[in-house]
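K.L.:
Here it is, the structure in full.
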Amino acid sequence: MKKQLFKHLAVAGAFLFGAASNVNAAPDPNFHIYIAFGQSNMAGAAGAAEPETKPYPRFKLLPSMNCPAKGRTLGVWTDATSQLANCDNPPSISVADYFGRTLVDSLPDVTVGIISVAVGGTALKLFDKDNWQAYLEDPARQKENWIINWAKAYDSNLYKRIIDLAKIAQKDGVIKGIIVHQGESDWNNNHWAEDLKKIRDDMLKDLGLSSDTVPLLAGEMREDGCCRSFSTSQVQRITKVMDNAWPVSSSGLGSAGDSYHFNRAGYIEFGKRYAKVMLEHMNRVSVPPSPHTPFKGVVAEIPGKLQVENYDEPGVGSIGKSYLDNDSENKSKAYRNDGVDIEELSAEPGSYVIGYTEKGEWLKYTVKVADAVDYSVTARVASAAKGSAFHLELDDKPITDTVKVDSIGGWGDYKEITFKTSEIAAGEHVLKLVIDGSYVNIDWLDFASRADTTATIGNKGMRLELDKSATYKVFDINGNYLGESEGAKVRNLGKGVFMLKGSGKTMMIRNVEK
């Protein structure tokens, strides 16, 4: 099969390899994602120490707001450092910090991601998709303007912010649970457990999830604080109101010196307790990491032609990534069902290409190299954009310079360009096609040993390296024109010294008949 893609779309040009957010093809089952929401104890109310402000291996955050000073962008995965729910500086820690860190420590083959949305002092209604607006418009909120201003950081609609982020996260991993700490502002709400069930059920429905596989955990209030009775009357009652919902004890946790908040040691222990309860009830099927594998089990051979749409099948985990793309869909739905953009060329049925490529994207191929030599590579490409370019790597080490395509015609105007590799070792390797300049469509790569492109000189078989696709003019030592080569073969020369001109080169050769 050949490959092709794009028609004449002047708007976007070439395809993106269907990314990430970095995005990967299929969600990684070993990337566990948790939704965390609530009021100030979920936002954080005790100063963070250095351990919480440093990245922790395999613990990630999908920021719920832009924090330029922290280098965070809304909806773009980053390291999970305090403060998780907002941009406060100096930061504070919350229940979610050590919940995530403890899960990472307990699940050595798993990466943990957190989506954290919290507003101090708010009632549960602010998280209700049907009641948040009425809650903010209530005249009582005018006396609580910090709630209104804090909510504005999430565009006021906290439920929508959570769902939007969760849908982004589902492209990369699997939502495994929901953790909540809220209630101080609902101390007299006798239907709190039912209200929480509605929010939980709405989230599951909007995200296509099931309560069977997504536990909800709610933490108790301070046992010596304002709302101890609420823990008994409402938090403990969630097990009777909804399925797969579990309370987390706050017994013995330290106070911040007020009636509502925990101290740093309290948050650390509380987070560990949340993690322990989650581990007891989560639907965890351990999926070991696995490497990417050749497409349809066929290893591409070098020398030979490589159809670029036949990149490796993705595996599991970071070692299983076979491509990186800036979105997660195959826009044309052709040939393969993942995130790489592939299209069948209308002028060449059965021929496919990749396109919509963007700088930084890449594809991987398992290849078997026959000989330890350098290779000549011919690529069939199209581009109508300035700066289009790519290069090749073998086992993550560059083997070519940047190959510039740079607006060679229209998106459907495919041409062949030739470039060279450095010498590469024989055996099985991983070839990576890396996009250096956006919007180049690529059909195939044809590898030929440069030893295969040498010319035969004279009747007795003198050989030297020539470009097999070029025509060379042949002159004698006095500069007299003798004719042209037959492709890469120069024949019927007698003894003597000759000059060849072609392919941007001038070469002197000596033919000695035996």
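In the structure tokens, chains take the letters A, B, ... in the order shown, each chain's residues start at 1, and ligands count up from 1 in the order shown.
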Could you build a table of the residues in segment 66-133 of chain A lying no more than 10 Å from segment 162-171 of chain A, giving for each the nearest pair of atoms and their separation in Å rounded to one decimal place, using only C-alpha atoms, ordered by chain and ascending residue number, as JSON lines?
P.N.:
```
{"residue": "A:Leu74", "atom": "CA", "partner": "A:Leu165", "partner_atom": "CA", "distance": 8.7}
{"residue": "A:Gly75", "atom": "CA", "partner": "A:Leu165", "partner_atom": "CA", "distance": 6.1}
{"residue": "A:Val76", "atom": "CA", "partner": "A:Ile168", "partner_atom": "CA", "distance": 8.9}
{"residue": "A:Trp77", "atom": "CA", "partner": "A:Ala169", "partner_atom": "CA", "distance": 8.7}
{"residue": "A:Gly113", "atom": "CA", "partner": "A:Ala169", "partner_atom": "CA", "distance": 8.5}
{"residue": "A:Ile114", "atom": "CA", "partner": "A:Ala169", "partner_atom": "CA", "distance": 9.4}
{"residue": "A:Ile115", "atom": "CA", "partner": "A:Leu165", "partner_atom": "CA", "distance": 7.2}
{"residue": "A:Ser116", "atom": "CA", "partner": "A:Ile162", "partner_atom": "CA", "distance": 8.1}
{"residue": "A:Val117", "atom": "CA", "partner": "A:Ile162", "partner_atom": "CA", "distance": 7.1}
{"residue": "A:Phe127", "atom": "CA", "partner": "A:Ile162", "partner_atom": "CA", "distance": 9.1}
```
K.L.:
I'd like the contact shell of segment 226-239 of chain A - 12 Å cut-off, only C-alpha atoms, skipping same-chain residues fewer than 4 positions apart - returned as a PyMOL selection string.
P.N.:
chain A and resi 180-198+200+215-222+243-251+255+258-261
K.L.:
Can you tell me which residues surround Phe31 of chain A at a distance of at most 9 Å, considering only C-alpha atoms, apart from same-chain residues fewer than 4 positions away, and format the answer as a list in words?
P.N.:
Pro27, Arg58, Val110, Thr111, Val112, Gly113, Asp172, Gly173, Val174, Ile175 and Gly317 of chain A
K.L.:
May I ask for the distance between atom CA of Ala256 of chain A and atom CA of Ser64 of chain A, given in Å to one decimal place?
P.N.:
26.0 Å
K.L.:
According to DSSP computed on the backbone, where in segment 101-199 of chain A is there strand (DSSP E or B)? Give the residues as a ChimeraX atom specification.
P.N.:
/A:111-118,174-181
K.L.:
So, with only C-alpha atoms as the atoms that count, which of A:Gly71, A:Gly350, A:Pro303, A:Pro314 lies closest to Ala370 of chain A?
P.N.:
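Closest to Ala370 of chain A, using only C-alpha atoms: A:Pro303.
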K.L.:
From the options A:Glu423, A:Asp105, A:Glu343, A:Glu309, which residue's atoms come nearest to Pro398 of chain A, counting only C-alpha atoms?
P.N.:
A:Glu423
K.L.:
Using only C-alpha atoms, which residues sit within 10 Å of Ile268 of chain A once same-chain residues fewer than 6 positions away are excluded, as a ChimeraX atom specification?
P.N.:
/A:93-99,101-102,253,262
